[in-house]
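Here is the file target37.cif (mmCIF, C-alpha atoms).
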data_structure
loop_
_atom_site.label_atom_id
_atom_site.label_comp_id
_atom_site.auth_asym_id
_atom_site.auth_seq_id
_atom_site.Cartn_x
_atom_site.Cartn_y
_atom_site.Cartn_z
CA MET A 1043 23.28 -52.54 -20.18
CA SER A 1044 23.52 -50.36 -17.08
CA SER A 1045 25.36 -47.61 -19.02
CA TYR A 1046 22.39 -47.36 -21.44
CA HIS A 1047 20.07 -47.19 -18.47
CA LYS A 1048 22.11 -44.33 -16.95
CA LEU A 1049 22.18 -42.56 -20.31
CA PHE A 1050 18.40 -42.91 -20.62
CA GLN A 1051 17.84 -41.60 -17.11
CA THR A 1052 20.12 -38.63 -17.73
CA PHE A 1053 18.23 -37.46 -20.81
CA SER A 1054 14.73 -38.44 -19.79
CA LYS A 1055 14.62 -36.43 -16.56
CA ARG A 1056 12.35 -33.43 -16.62
CA HIS A 1057 14.39 -30.29 -16.74
CA HIS A 1058 13.37 -27.52 -14.42
CA ARG A 1059 12.62 -24.20 -16.00
CA ARG A 1060 15.81 -22.22 -16.27
CA THR A 1061 16.06 -18.77 -14.79
CA LEU A 1062 16.35 -16.07 -17.43
CA LEU A 1063 19.21 -13.64 -17.43
CA PRO A 1064 18.12 -10.08 -16.77
CA PRO A 1065 16.64 -8.61 -19.97
CA ARG A 1066 18.66 -6.12 -21.98
CA LEU A 1067 15.56 -3.95 -22.44
CA SER A 1068 13.53 -2.04 -19.92
CA PHE A 1069 9.99 -0.71 -20.21
CA ASP A 1070 11.51 2.71 -19.51
CA ASP A 1071 13.33 2.41 -22.87
CA LEU A 1072 10.18 1.54 -24.86
CA GLU A 1073 7.32 3.47 -26.43
CA PHE A 1074 4.31 1.77 -27.98
CA TYR A 1075 2.51 3.32 -30.95
CA ILE A 1076 -1.09 2.14 -30.95
CA ASP A 1077 -3.52 2.97 -33.76
CA LEU A 1078 -7.14 1.84 -33.98
CA TRP A 1079 -9.50 2.65 -36.79
CA SER A 1080 -12.93 1.62 -37.93
CA GLU A 1081 -14.09 1.90 -41.52
CA GLU A 1082 -11.57 4.63 -42.43
CA ARG A 1083 -12.26 6.58 -39.20
CA LEU A 1084 -9.42 6.92 -36.69
CA LEU A 1085 -10.58 5.90 -33.20
CA LEU A 1086 -7.30 6.13 -31.30
CA SER A 1087 -3.72 7.06 -32.11
CA GLU A 1088 -1.41 7.22 -29.12
CA VAL A 1089 2.22 6.97 -28.17
CA VAL A 1090 2.18 5.03 -24.90
CA PRO A 1091 5.28 4.92 -22.70
CA GLY A 1092 6.28 1.39 -21.75
CA SER A 1093 5.94 2.31 -18.09
CA VAL A 1094 2.21 3.01 -18.61
CA LEU A 1095 1.58 -0.45 -20.09
CA ARG A 1096 3.72 -1.96 -17.34
CA THR A 1097 1.70 -0.21 -14.62
CA GLY A 1098 -1.59 -1.17 -16.25
CA ILE A 1099 -5.10 -0.26 -15.20
CA LYS A 1100 -4.87 0.45 -11.47
CA SER A 1101 -8.56 0.31 -10.75
CA PRO A 1102 -11.03 -0.98 -13.34
CA PRO A 1103 -14.10 1.22 -13.76
CA PRO A 1104 -17.32 0.31 -11.96
CA GLY A 1105 -19.79 -1.55 -14.11
CA ILE A 1106 -17.48 -4.07 -15.77
CA CYS A 1107 -18.49 -7.72 -15.67
CA ASP A 1108 -17.12 -10.00 -12.95
CA MET A 1109 -15.28 -12.23 -15.43
CA LEU A 1110 -13.33 -9.28 -16.86
CA ARG A 1111 -12.61 -7.93 -13.37
CA ILE A 1112 -11.23 -11.35 -12.32
CA HIS A 1113 -9.11 -11.44 -15.48
CA LEU A 1114 -7.68 -7.94 -14.87
CA GLU A 1115 -7.01 -8.54 -11.18
CA GLY A 1116 -5.66 -12.08 -11.71
CA PRO A 1117 -2.01 -13.09 -11.23
CA ASP A 1118 -1.26 -13.61 -14.95
CA TYR A 1119 1.15 -11.10 -16.46
CA LYS A 1120 -0.58 -8.61 -18.73
CA MET A 1121 0.09 -5.16 -20.13
CA THR A 1122 -2.95 -2.88 -20.03
CA MET A 1123 -3.77 0.77 -20.40
CA PRO A 1124 -6.89 2.82 -19.78
CA VAL A 1125 -8.46 4.57 -22.76
CA GLU A 1126 -9.17 8.23 -22.06
CA PRO A 1127 -11.54 9.42 -23.32
CA ARG A 1128 -13.47 6.21 -23.79
CA PHE A 1129 -15.05 5.55 -27.16
CA THR A 1130 -17.90 3.43 -28.48
CA ILE A 1131 -18.07 1.14 -31.50
CA PRO A 1132 -21.07 -0.68 -32.98
CA LEU A 1133 -20.43 -4.44 -32.96
CA SER A 1134 -21.30 -4.50 -36.66
CA GLN A 1135 -18.30 -2.32 -37.60
CA THR A 1136 -14.89 -3.63 -38.58
CA VAL A 1137 -12.09 -2.43 -36.27
CA VAL A 1138 -8.40 -2.69 -37.17
CA VAL A 1139 -5.31 -2.27 -34.96
CA SER A 1140 -1.60 -1.68 -35.53
CA VAL A 1141 1.01 -1.62 -32.79
CA LEU A 1142 4.63 -0.57 -33.22
CA VAL A 1143 7.24 -0.41 -30.48
CA GLY A 1144 10.12 2.06 -30.40
CA ARG A 1145 13.39 1.85 -28.51
CA LYS A 1146 14.57 5.15 -27.05
CA ASP A 1147 18.11 3.79 -26.58
CA THR A 1148 18.68 3.00 -30.29
CA ASN A 1149 15.89 4.98 -32.03
CA LYS A 1150 14.75 1.80 -33.79
CA ILE A 1151 11.20 0.59 -34.33
CA ALA A 1152 9.69 -2.89 -34.62
CA CYS A 1153 6.22 -4.02 -35.64
CA ILE A 1154 4.14 -6.00 -33.15
CA VAL A 1155 0.75 -6.00 -34.89
CA SER A 1156 0.07 -4.80 -38.44
CA LYS A 1157 -3.48 -3.98 -39.54
CA SER A 1158 -5.13 -6.86 -37.68
CA LEU A 1159 -8.88 -7.18 -37.41
CA PHE A 1160 -10.71 -7.56 -34.14
CA ASP A 1161 -12.50 -10.57 -35.55
CA TYR A 1162 -13.41 -12.34 -32.33
CA VAL A 1163 -15.59 -10.93 -29.57
CA ASP A 1164 -15.62 -12.89 -26.31
CA ALA A 1165 -19.04 -11.83 -25.04
CA SER A 1166 -18.56 -13.65 -21.71
CA SER A 1167 -15.46 -11.65 -20.75
CA PHE A 1168 -16.30 -8.45 -22.68
CA ARG A 1169 -13.16 -8.43 -24.82
CA ALA A 1170 -12.66 -8.06 -28.56
CA LEU A 1171 -9.45 -9.76 -29.73
CA ALA A 1172 -7.03 -9.30 -32.60
CA PHE A 1173 -3.67 -10.96 -33.16
CA ASP A 1174 -0.67 -11.03 -35.44
CA TYR A 1175 2.44 -13.17 -35.65
CA LEU A 1176 5.61 -11.51 -34.40
CA ASP A 1177 8.34 -10.74 -36.93
CA PHE A 1178 11.68 -11.78 -35.41
CA SER A 1179 15.17 -10.69 -36.32
CA PRO A 1180 17.02 -12.94 -38.80
CA VAL A 1181 19.45 -13.60 -35.93
CA TYR A 1182 16.73 -15.92 -34.53
CA PRO A 1183 15.92 -18.08 -37.60
CA PHE A 1184 14.22 -20.88 -35.68
CA VAL A 1185 11.79 -18.73 -33.71
CA SER A 1186 8.36 -18.37 -35.29
CA GLY A 1187 4.67 -18.83 -34.70
CA ILE A 1188 4.46 -16.58 -31.65
CA ARG A 1189 1.44 -14.30 -31.60
CA ALA A 1190 0.87 -10.88 -30.11
CA TRP A 1191 -2.71 -10.38 -28.90
CA VAL A 1192 -4.47 -7.04 -28.57
CA SER A 1193 -7.76 -6.88 -26.67
CA LEU A 1194 -10.28 -4.08 -26.48
CA LEU A 1195 -11.74 -4.15 -22.97
CA PHE A 1196 -15.30 -2.94 -22.83
CA MET A 1197 -18.19 -2.36 -20.48
CA GLU A 1198 -21.29 -4.55 -20.47
CA TYR A 1199 -23.48 -3.57 -23.39
CA GLY A 1200 -27.23 -3.39 -23.74
CA ASN A 1201 -29.52 -4.18 -26.64
CA ASP A 1202 -28.03 -1.45 -28.84
CA ARG A 1203 -25.01 -3.71 -29.65
CA VAL A 1204 -22.51 -0.90 -29.12
CA ILE A 1205 -19.37 -1.53 -27.10
CA ASP A 1206 -17.98 1.10 -24.71
CA VAL A 1207 -14.17 0.66 -24.74
CA PHE A 1208 -12.39 1.59 -21.50
CA GLY A 1209 -9.03 -0.14 -21.95
CA ILE A 1210 -6.56 -1.98 -24.15
CA GLU A 1211 -4.58 -5.10 -23.30
CA LEU A 1212 -1.45 -6.33 -25.06
CA ASP A 1213 -0.06 -9.79 -24.35
CA PHE A 1214 2.16 -12.53 -25.68
CA CYS A 1215 0.55 -15.44 -23.86
CA ASP A 1216 1.81 -17.98 -26.43
CA ALA A 1217 5.37 -17.55 -25.19
CA ALA A 1218 5.78 -15.00 -22.39
CA SER A 1219 4.17 -15.07 -18.97
CA SER A 1220 6.37 -12.65 -17.01
CA GLU A 1221 7.77 -9.17 -17.46
CA ASP A 1222 11.29 -10.50 -18.14
CA GLU A 1223 9.99 -12.95 -20.76
CA VAL A 1224 8.07 -10.16 -22.52
CA LEU A 1225 11.16 -7.95 -22.56
CA TRP A 1226 13.30 -10.77 -23.99
CA LEU A 1227 10.65 -11.43 -26.64
CA LEU A 1228 10.53 -7.76 -27.61
CA ASP A 1229 14.33 -7.66 -27.77
CA MET A 1230 14.24 -10.48 -30.36
CA LEU A 1231 11.99 -8.55 -32.78
CA ASP A 1232 13.21 -7.31 -36.17
CA TRP A 1233 14.25 -3.79 -35.14
CA LYS A 1234 14.76 -1.29 -37.99
#
Will you turn the file into structure tokens for me?
Amino acid sequence: MSSYHKLFQTFSKRHHRRTLLPPRLSFDDLEFYIDLWSEERLLLSEVVPGSVLRTGIKSPPPGICDMLRIHLEGPDYKMTMPVEPRFTIPLSQTVVVSVLVGRKDTNKIACIVSKSLFDYVDASSFRALAFDYLDFSPVYPFVSGIRAWVSLLFMEYGNDRVIDVFGIELDFCDAASSEDEVLWLLDMLDWK
């Protein structure tokens, strides 16, 4: 009976989170292709170096709500970029986003988000959110259901119901909460 007890104790102990090996990718090797459009009108089309998303928004603009400021300055890992020049969108319009990522080391591209709608607006934190499920390489057949989230970060709006977009956030909060985890996740995508 004691051997079963030992066996139970061995497998029922909580395992500590394992340390990841260093990622094979670096943000210096990546470029993100971000396209936003609204009702057939292109709002933004940019090639963003990985280092820009890694660095993020250094100082949020004055006039953003406290909840969004706390989110941006919080300890959670996030990839953000300022939008220059800023643009405005009526809340009544449909906005779509696509995000591709390119590897400079292999000249391959993978899709992160494909034609996803910003169908949820979090009015309390002044973010519009869109998501898509990541498409992983066939080498990882048991990995699925992990979402990529894209957020439009906007200023407080008045009665005119128009949002003033100052930044974009990309995150993989379902599965990755550190830079190394994000890089491993990106490395597992279906690169073509």
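Across the chains present, the PyMOL selection byres ((chain A and resi 1081) around 8) applied to this file returns Trp1079, Ser1080, Glu1082, Arg1083, Gln1135, Thr1136 and Val1137 of chain A.
For the set A:Val1143, A:Leu1062, A:Val1207, A:Leu1159, the residue with the smallest atom-to-atom gap to Asp1232 of chain A is A:Val1143, counting all atoms listed in the file.
Of the residues listed (A:Trp1233, A:Phe1129, A:Trp1226, A:Phe1160), A:Phe1129 shows the shortest atom-to-atom separation from Asp1206 of chain A; distances use only C-alpha atoms.
If you measure from each of A:Val1139, A:Ala1152, A:Ala1218, A:Leu1078 to Ser1179 of chain A using only C-alpha atoms, the closest one turns out to be A:Ala1152.
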### Message
For a quick check of understanding, using only C-alpha atoms, which of A:Arg1066, A:Glu1126, A:Met1109, A:Asp1071 has the smallest distance to Leu1085 of chain A?
### Response
A:Glu1126
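Note that the spacing between atom CA of Met1121 of chain A and atom CA of Ser1101 of chain A amounts to 13.9 Å.
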### Query
atom CA of Arg1145 of chain A to atom CA of Glu1088 of chain A: how many Å, to one decimal?
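Computing it gives 15.8 Å between the two atoms.
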### Task
Record the distance separating atom CA of Ile1076 of chain A and atom CA of Leu1176 of chain A, expressed in Å with one decimal.
15.6 Å
### Message
Running the PyMOL selection byres ((chain A and resi 1191) around 10) on this model by hand, what would come out? Give it as a list of chain:residue names.
### Response
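With the shown file as input, the PyMOL selection byres ((chain A and resi 1191) around 10) matches A:Ile1154, A:Val1155, A:Ser1158, A:Phe1160, A:Leu1171, A:Ala1172, A:Phe1173, A:Asp1174, A:Tyr1175, A:Ile1188, A:Arg1189, A:Ala1190, A:Val1192, A:Ser1193, A:Glu1211, A:Leu1212, A:Asp1213, A:Phe1214, A:Cys1215, A:Asp1216.
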Requested write-out: C-alpha atoms of the selected residues, as a short mmCIF file (atom, residue, chain, number, x, y, z; two decimals), in the frame of the given file:
data_model
loop_
_atom_site.label_atom_id
_atom_site.label_comp_id
_atom_site.auth_asym_id
_atom_site.auth_seq_id
_atom_site.Cartn_x
_atom_site.Cartn_y
_atom_site.Cartn_z
CA ILE A 1154 4.14 -6.00 -33.15
CA VAL A 1155 0.75 -6.00 -34.89
CA SER A 1158 -5.13 -6.86 -37.68
CA PHE A 1160 -10.71 -7.56 -34.14
CA LEU A 1171 -9.45 -9.76 -29.73
CA ALA A 1172 -7.03 -9.30 -32.60
CA PHE A 1173 -3.67 -10.96 -33.16
CA ASP A 1174 -0.67 -11.03 -35.44
CA TYR A 1175 2.44 -13.17 -35.65
CA ILE A 1188 4.46 -16.58 -31.65
CA ARG A 1189 1.44 -14.30 -31.60
CA ALA A 1190 0.87 -10.88 -30.11
CA VAL A 1192 -4.47 -7.04 -28.57
CA SER A 1193 -7.76 -6.88 -26.67
CA GLU A 1211 -4.58 -5.10 -23.30
CA LEU A 1212 -1.45 -6.33 -25.06
CA ASP A 1213 -0.06 -9.79 -24.35
CA PHE A 1214 2.16 -12.53 -25.68
CA CYS A 1215 0.55 -15.44 -23.86
CA ASP A 1216 1.81 -17.98 -26.43
#
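The smallest atom-to-atom distance between Tyr1075 of chain A and any of A:Pro1103, A:Phe1208, A:Leu1228, A:Gly1144, using only C-alpha atoms, is found for A:Gly1144.
Proximity of A:Pro1064, A:Gly1116, A:Met1123, A:Tyr1199 to Val1090 of chain A, computed with only C-alpha atoms, is greatest for A:Met1123.
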### Message
Translate the PyMOL selection byres ((chain A and resi 1202) around 12) into a concrete residue list for this structure, as a VMD selection string.
### Response
chain A and resid 1130 to 1134 1198 to 1201 1203 to 1206
### Query
Counting all atoms listed in the file, what is within 9 Å of Asp1118 of chain A, bar same-chain residues fewer than 3 positions away, as a ChimeraX atom specification?
/A:1113-1115,1219-1220
Enclose all atoms of segment 1189-1206 of chain A listed in the file in an axis-aligned box, grow every side by 5 Å, and hand back centre and edge lengths in Å to one decimal, as JSON.
{"center_x": -14.0, "center_y": -6.6, "center_z": -26.0, "size_x": 41.0, "size_y": 25.4, "size_z": 21.1}
Taking (19.5, -10.2, -34.5) as a centre in this file's frame and 9 Å as the limit, can you find every polymer residue with an atom that close, using only C-alpha atoms, and give them as an mmCIF file with C-alpha atoms, in the coordinates of the input?
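Wrote it out as result20.cif, contents follow:
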data_model
loop_
_atom_site.group_PDB
_atom_site.id
_atom_site.type_symbol
_atom_site.label_atom_id
_atom_site.label_comp_id
_atom_site.auth_asym_id
_atom_site.auth_seq_id
_atom_site.Cartn_x
_atom_site.Cartn_y
_atom_site.Cartn_z
ATOM 1 C CA PHE A 1178 11.680 -11.780 -35.410
ATOM 2 C CA SER A 1179 15.170 -10.690 -36.320
ATOM 3 C CA PRO A 1180 17.020 -12.940 -38.800
ATOM 4 C CA VAL A 1181 19.450 -13.600 -35.930
ATOM 5 C CA TYR A 1182 16.730 -15.920 -34.530
ATOM 6 C CA ASP A 1229 14.330 -7.660 -27.770
ATOM 7 C CA MET A 1230 14.240 -10.480 -30.360
ATOM 8 C CA LEU A 1231 11.990 -8.550 -32.780
ATOM 9 C CA ASP A 1232 13.210 -7.310 -36.170
ATOM 10 C CA TRP A 1233 14.250 -3.790 -35.140
#
